[in-house]
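K.L.:
So that you have it, the file is start_5.cif, and it contains mmCIF, C-alpha atoms:
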```
data_work
#
loop_
_atom_site.label_atom_id
_atom_site.label_comp_id
_atom_site.auth_asym_id
_atom_site.auth_seq_id
_atom_site.Cartn_x
_atom_site.Cartn_y
_atom_site.Cartn_z
CA MET A 1 23.88 40.90 -43.82
CA ASN A 2 26.76 40.57 -41.36
CA LYS A 3 26.84 36.79 -41.92
CA LEU A 4 27.00 37.31 -45.68
CA VAL A 5 29.95 39.68 -45.36
CA LYS A 6 31.77 37.43 -42.91
CA ASN A 7 31.45 34.47 -45.26
CA GLY A 8 32.48 36.49 -48.28
CA LEU A 9 29.33 36.21 -50.35
CA TYR A 10 30.16 39.61 -51.81
CA ILE A 11 33.28 38.16 -53.46
CA PRO A 12 31.71 36.38 -56.49
CA PRO A 13 30.02 39.62 -57.67
CA LEU A 14 33.32 41.39 -57.07
CA HIS A 15 35.01 38.79 -59.26
CA LEU A 16 32.60 39.60 -62.07
CA PHE A 17 33.22 43.33 -61.62
CA LEU A 18 37.00 42.89 -61.66
CA HIS A 19 36.76 40.75 -64.76
CA TYR A 20 34.64 43.42 -66.43
CA ILE A 21 37.05 46.28 -65.72
CA THR A 22 40.27 44.31 -66.36
CA ASN A 23 39.08 41.90 -69.05
CA ASP A 24 41.46 39.42 -67.43
CA PHE A 25 39.84 36.32 -65.95
CA PHE A 26 43.12 35.06 -64.49
CA LEU A 27 43.83 38.32 -62.64
CA SER A 28 40.30 38.67 -61.29
CA THR A 29 40.41 35.03 -60.17
CA ILE A 30 43.70 35.18 -58.26
CA ILE A 31 42.70 38.46 -56.58
CA THR A 32 39.36 37.14 -55.36
CA GLN A 33 40.77 33.76 -54.32
CA LYS A 34 43.29 35.46 -52.06
CA LEU A 35 40.64 37.92 -50.90
CA TYR A 36 38.36 35.08 -49.85
CA VAL A 37 41.06 33.46 -47.71
CA THR A 38 41.94 36.80 -46.12
CA ASN A 39 38.28 37.58 -45.47
CA TYR A 40 37.68 34.16 -43.93
CA TYR A 41 40.56 34.23 -41.44
CA TYR A 42 39.90 37.87 -40.57
CA HIS A 43 36.30 37.19 -39.57
CA PHE A 44 36.72 33.68 -38.15
CA GLU A 45 40.08 34.00 -36.42
CA HIS A 46 38.31 33.45 -33.10
CA LEU A 47 37.33 29.90 -34.11
CA TYR A 48 40.98 28.80 -34.03
CA ASP A 49 43.55 28.56 -31.27
CA PHE A 50 46.83 27.83 -33.06
CA VAL A 51 48.38 30.97 -31.56
CA PRO A 52 47.10 33.54 -29.04
CA HIS A 53 44.12 35.59 -30.19
CA PRO A 54 43.76 37.69 -32.28
CA TYR A 55 46.64 36.41 -34.39
CA ASN A 56 45.25 33.17 -35.84
CA TRP A 57 44.74 34.99 -39.13
CA VAL A 58 48.37 34.13 -39.89
CA LYS A 59 47.22 30.59 -40.75
CA GLN A 60 46.38 31.91 -44.21
CA PHE A 61 50.11 32.02 -44.96
CA VAL A 62 51.05 28.59 -43.61
CA ARG A 63 49.61 25.95 -45.96
CA PHE A 64 51.38 24.95 -49.13
CA THR A 65 48.24 25.97 -50.99
CA ASP A 66 48.78 29.51 -49.75
CA THR A 67 52.08 29.69 -51.62
CA GLY A 68 49.99 29.26 -54.77
CA HIS A 69 48.61 32.78 -54.34
CA LEU A 70 52.13 34.15 -54.26
CA VAL A 71 53.36 32.26 -57.33
CA SER A 72 50.22 33.26 -59.25
CA PHE A 73 51.00 36.95 -58.71
CA LEU A 74 54.68 36.35 -59.53
CA TYR A 75 53.62 34.90 -62.87
CA TYR A 76 51.12 37.68 -63.54
CA PHE A 77 53.75 40.40 -63.09
CA ASP A 78 56.54 38.40 -64.73
CA PRO A 79 55.46 35.74 -67.28
CA ARG A 80 58.87 34.09 -66.98
CA PHE A 81 57.52 32.48 -63.80
CA LEU A 82 54.91 30.50 -65.75
CA PRO A 83 56.78 27.15 -65.49
CA LEU A 84 57.19 27.58 -61.73
CA ALA A 85 53.55 28.64 -61.35
CA HIS A 86 52.42 25.63 -63.39
CA ASN A 87 54.51 23.23 -61.32
CA VAL A 88 53.48 24.63 -57.95
CA HIS A 89 49.78 24.62 -58.81
CA PHE A 90 50.13 21.10 -60.22
CA MET A 91 51.40 19.98 -56.80
CA ILE A 92 48.71 21.93 -54.98
CA THR A 93 45.93 20.50 -57.14
CA PHE A 94 46.94 16.87 -57.42
CA GLY A 95 48.51 16.71 -53.98
CA TYR A 96 45.20 17.82 -52.46
CA TRP A 97 42.89 15.62 -54.49
CA VAL A 98 45.00 12.47 -54.31
CA SER A 99 45.41 12.94 -50.56
CA LYS A 100 41.70 13.57 -50.09
CA LEU A 101 40.33 10.85 -52.38
CA CYS A 102 42.96 8.14 -51.91
CA LEU A 103 44.56 8.76 -48.52
CA GLY A 104 41.54 9.93 -46.55
CA MET A 105 42.71 13.47 -45.82
CA SER A 106 40.07 15.70 -44.25
CA ASP A 107 39.88 19.49 -44.35
CA ALA A 108 41.29 20.10 -40.89
CA ASP A 109 40.33 23.78 -40.74
CA ASP A 110 36.59 23.23 -41.29
CA ARG A 111 34.53 24.77 -38.51
CA HIS A 112 30.84 23.89 -38.18
CA THR A 113 29.16 26.86 -36.53
CA GLU A 114 26.07 28.97 -37.08
CA GLU A 115 28.37 31.73 -38.33
CA THR A 116 29.91 29.78 -41.22
CA ILE A 117 28.34 28.76 -44.52
CA LEU A 118 30.12 25.47 -45.02
CA TRP A 119 29.07 24.75 -48.62
CA PHE A 120 30.33 28.16 -49.71
CA GLU A 121 33.61 27.69 -47.87
CA ARG A 122 34.17 24.29 -49.45
CA SER A 123 33.41 25.66 -52.89
CA TRP A 124 36.33 28.06 -52.49
CA VAL A 125 38.56 25.33 -51.10
CA TYR A 126 37.86 23.15 -54.11
CA ALA A 127 38.35 26.07 -56.51
CA ASN A 128 41.71 26.92 -54.92
CA HIS A 129 42.79 23.34 -55.57
CA GLY A 130 42.11 23.23 -59.27
CA LEU A 131 41.01 26.44 -60.95
CA PRO A 132 44.40 28.24 -60.99
CA TYR A 133 46.06 25.16 -62.45
CA ALA A 134 43.37 24.84 -65.12
CA LEU A 135 43.88 28.49 -66.10
CA LEU A 136 47.66 28.11 -66.29
CA LEU A 137 47.29 24.94 -68.31
CA TYR A 138 44.99 26.77 -70.70
CA LYS A 139 47.57 29.55 -71.11
CA ILE A 140 50.27 27.02 -71.98
CA MET A 141 48.09 25.10 -74.42
CA THR A 142 46.90 28.25 -76.21
CA ASP A 143 50.32 29.90 -76.39
CA THR A 144 50.94 30.88 -80.02
CA THR A 145 54.50 32.07 -79.57
CA CYS A 146 55.79 28.74 -78.25
CA THR A 147 58.37 30.58 -76.15
CA ILE A 148 57.50 28.78 -72.93
CA SER A 149 60.09 26.20 -71.95
CA PHE A 150 60.34 23.89 -68.95
CA SER A 151 64.02 23.40 -68.21
CA ASN A 152 66.03 21.64 -65.54
CA THR A 153 66.39 25.07 -63.94
CA ASP A 154 62.61 25.28 -63.59
CA LEU A 155 62.67 21.81 -62.03
CA GLN A 156 65.30 22.95 -59.52
CA TYR A 157 63.32 26.10 -58.70
CA THR A 158 60.25 23.97 -58.03
CA TYR A 159 62.13 21.73 -55.60
CA ILE A 160 63.52 24.85 -53.91
CA TRP A 161 60.00 26.28 -53.63
CA LEU A 162 58.67 23.09 -52.02
CA TYR A 163 61.50 22.64 -49.55
CA THR A 164 61.68 26.34 -48.68
CA TRP A 165 58.04 26.14 -47.62
CA PHE A 166 58.59 22.90 -45.72
CA ILE A 167 61.74 23.97 -43.86
CA PHE A 168 61.05 27.64 -43.19
CA ILE A 169 57.25 27.70 -42.84
CA TYR A 170 55.79 24.27 -42.13
CA ILE A 171 58.37 22.96 -39.62
CA PRO A 172 58.53 26.16 -37.48
CA TRP A 173 54.73 26.48 -37.50
CA ARG A 174 54.24 22.86 -36.44
CA TYR A 175 56.97 23.07 -33.82
CA TYR A 176 55.57 26.16 -32.13
CA THR A 177 51.82 25.44 -32.52
CA GLY A 178 51.55 21.65 -32.77
CA ASP A 179 49.24 22.14 -35.75
CA PRO A 180 49.95 19.44 -38.39
CA VAL A 181 48.18 21.62 -41.01
CA TYR A 182 47.16 18.47 -42.90
CA SER A 183 45.25 15.68 -41.12
CA ILE A 184 47.32 12.97 -42.81
CA LEU A 185 50.46 14.40 -41.20
CA ASP A 186 49.23 14.43 -37.61
CA ILE A 187 50.66 12.21 -34.88
CA HIS A 188 47.94 9.60 -35.42
CA SER A 189 48.82 9.17 -39.09
CA SER A 190 50.88 6.08 -39.90
CA LEU A 191 54.51 6.24 -40.95
CA LYS A 192 53.49 4.55 -44.21
CA THR A 193 51.12 7.42 -45.00
CA LYS A 194 53.77 10.03 -44.26
CA ILE A 195 56.30 8.24 -46.47
CA THR A 196 53.68 8.01 -49.21
CA ILE A 197 53.09 11.77 -49.01
CA PHE A 198 56.83 12.45 -49.16
CA ILE A 199 57.32 10.28 -52.23
CA MET A 200 54.16 11.60 -53.89
CA MET A 201 55.01 15.29 -53.52
CA ASN A 202 58.58 14.84 -54.70
CA SER A 203 57.32 12.82 -57.67
CA PHE A 204 54.81 15.53 -58.51
CA VAL A 205 57.65 18.05 -58.78
CA TYR A 206 59.28 16.02 -61.53
CA LEU A 207 55.98 15.02 -63.15
CA SER A 208 54.69 18.59 -63.31
CA ASN A 209 57.84 19.84 -65.01
CA TYR A 210 57.85 16.91 -67.43
CA ILE A 211 54.23 17.52 -68.40
CA GLY A 212 55.04 21.19 -68.96
CA TYR A 213 58.02 20.20 -71.09
CA LEU A 214 55.85 17.89 -73.24
CA LEU A 215 53.28 20.63 -73.76
CA SER A 216 55.89 23.23 -74.72
CA TYR A 217 57.68 20.74 -76.98
CA SER A 218 54.39 19.89 -78.70
CA CYS A 219 53.78 23.59 -79.30
CA GLN A 220 57.21 24.00 -80.85
CA MET A 221 56.72 20.99 -83.13
CA ASP A 222 53.34 22.31 -84.28
CA MET A 223 54.95 25.65 -85.11
CA LEU A 224 57.69 23.94 -87.12
CA ASP A 225 55.08 21.95 -89.03
CA GLN A 226 53.22 25.14 -89.90
CA LEU A 227 56.41 26.84 -91.07
CA SER A 228 57.28 23.89 -93.29
CA ILE A 229 53.94 23.96 -95.11
#
```
Take the structure in this file and express it as structure tokens.
P.N.:
Amino acid sequence: MNKLVKNGLYIPPLHLFLHYITNDFFLSTIITQKLYVTNYYYHFEHLYDFVPHPYNWVKQFVRFTDTGHLVSFLYYFDPRFLPLAHNVHFMITFGYWVSKLCLGMSDADDRHTEETILWFERSWVYANHGLPYALLLYKIMTDTTCTISFSNTDLQYTYIWLYTWFIFIYIPWRYYTGDPVYSILDIHSSLKTKITIFIMMNSFVYLSNYIGYLLSYSCQMDMLDQLSI
């Protein structure tokens, strides 16, 4: 039983319960996704040595993916953050999968021990890098008011979000711990790979906002067509 709790196997049933009482799949999903990460680093902090024990649980706030939890809640409590949430989760999703499938990135925080259930852990990792974006995309595509707009301001906010994380979280963490966070950014990674990541992530900022703009523009055109009938 202790192993099941440590690995968070109680969280999927909790997700179903939260969905039942809230009738909001997005809310129940973002709560349980953050809960899983918190549960994991609380119980398996001792498997890491980034900082002195017992403080390795702070790693759950370091990765760019972890900023996705924050922007999801920002959007939930204030729908005006939808463009930013879409753009950030676009970068999280496609940045992860392109890096993993095309650049050979490995999940650096995987720990193979008798305590961990690796397949369950990876299921959550994969879900965190795709499911929130799919839900946000669904909300944009099913919006009937067509009030969502992706402006240059949203583009600027997305760049600010990315570089705020990089300058104020990633660089200090790497400087003080030596942890590259992502395997493709470690000292053994080639300069070409690092430049590729830099160009890719900056391109994804623009691409995510442009895709959002096209979707919102399409919605507005469909509404105009309906009004003209």
K.L.:
Can you translate the PyMOL selection byres ((chain A and resi 212-219) around 8) into the concrete residues it hits in this file, as a list in words?
P.N.:
Pro83, His86, Asn87, Ile140, Met141, Asp143, Thr144, Cys146, Thr147, Ile148, Ser149, Phe150, Ser151, Ser208, Asn209, Tyr210, Ile211, Gln220, Met221, Asp222 and Met223 of chain A
K.L.:
Considering only C-alpha atoms, state which residue in the set A:Val88, A:Val62, A:Ile167, A:Ala127 is at the smallest distance from Thr32 in chain A.
P.N.:
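Distance minimum relative to Thr32 in chain A lands on A:Ala127.
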K.L.:
If I take CA of Leu70 in chain A and CA of Thr145 in chain A, how far is one from the other in Å, to one decimal?
P.N.:
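Those two atoms sit 25.5 Å apart.
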K.L.:
Once the PyMOL selection byres ((chain A and resi 198) around 12) is applied to the coordinates I shared, what remains selected? I want it as a PyMOL selection string.
P.N.:
chain A and resi 95+99+162-163+166+184-185+191-197+199-205
K.L.:
On this file, the PyMOL selection byres ((chain A and resi 4-18) around 9) gives some set of residues; write that set as an mmCIF file with C-alpha atoms, in the coordinates of the input.
P.N.:
```cif
data_model
loop_
_atom_site.group_PDB
_atom_site.id
_atom_site.type_symbol
_atom_site.label_atom_id
_atom_site.label_comp_id
_atom_site.auth_asym_id
_atom_site.auth_seq_id
_atom_site.Cartn_x
_atom_site.Cartn_y
_atom_site.Cartn_z
ATOM 1 C CA MET A 1 23.880 40.900 -43.820
ATOM 2 C CA ASN A 2 26.760 40.570 -41.360
ATOM 3 C CA LYS A 3 26.840 36.790 -41.920
ATOM 4 C CA HIS A 19 36.760 40.750 -64.760
ATOM 5 C CA TYR A 20 34.640 43.420 -66.430
ATOM 6 C CA ILE A 21 37.050 46.280 -65.720
ATOM 7 C CA THR A 22 40.270 44.310 -66.360
ATOM 8 C CA ASN A 23 39.080 41.900 -69.050
ATOM 9 C CA ASP A 24 41.460 39.420 -67.430
ATOM 10 C CA PHE A 25 39.840 36.320 -65.950
ATOM 11 C CA LEU A 27 43.830 38.320 -62.640
ATOM 12 C CA SER A 28 40.300 38.670 -61.290
ATOM 13 C CA THR A 29 40.410 35.030 -60.170
ATOM 14 C CA ILE A 31 42.700 38.460 -56.580
ATOM 15 C CA THR A 32 39.360 37.140 -55.360
ATOM 16 C CA GLN A 33 40.770 33.760 -54.320
ATOM 17 C CA LEU A 35 40.640 37.920 -50.900
ATOM 18 C CA TYR A 36 38.360 35.080 -49.850
ATOM 19 C CA ASN A 39 38.280 37.580 -45.470
ATOM 20 C CA TYR A 40 37.680 34.160 -43.930
ATOM 21 C CA TYR A 42 39.900 37.870 -40.570
ATOM 22 C CA HIS A 43 36.300 37.190 -39.570
ATOM 23 C CA PHE A 44 36.720 33.680 -38.150
ATOM 24 C CA GLU A 115 28.370 31.730 -38.330
ATOM 25 C CA THR A 116 29.910 29.780 -41.220
ATOM 26 C CA ILE A 117 28.340 28.760 -44.520
ATOM 27 C CA PHE A 120 30.330 28.160 -49.710
ATOM 28 C CA GLU A 121 33.610 27.690 -47.870
#
```
K.L.:
With all atoms listed in the file as the atoms that count, which of A:Val51, A:Leu84, A:Leu74, A:Leu101 lies nearest to Tyr133 in chain A?
P.N.:
A:Leu84
K.L.:
Rounded to one decimal place, report the CA of Gly104 in chain A-CA of Leu155 in chain A distance in Å.
P.N.:
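Interatomic distance here is 28.8 Å.
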K.L.:
So, with all atoms listed in the file as the atoms that count, which of A:Thr65, A:Phe73, A:Ile187, A:Tyr182 lies closest to Leu103 in chain A?
P.N.:
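Nearest to Leu103 in chain A: A:Tyr182.
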K.L.:
If I take CA of Lys59 in chain A and CA of Thr38 in chain A, how far is one from the other in Å, to one decimal?
P.N.:
9.8 Å
K.L.:
With distances taken over all atoms listed in the file, which of A:Val98, A:Ile30, A:Ile169, A:Leu207 is nearest to Val58 in chain A?
P.N.:
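Checking each candidate against Val58 in chain A, we get A:Ile169 as the closest.
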K.L.:
For Asp179 in chain A, which residue out of A:Ala108, A:Leu118, A:Leu131, A:Val125 is the nearest one, using only C-alpha atoms?
P.N.:
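Smallest separation from Asp179 in chain A among the options: A:Ala108.
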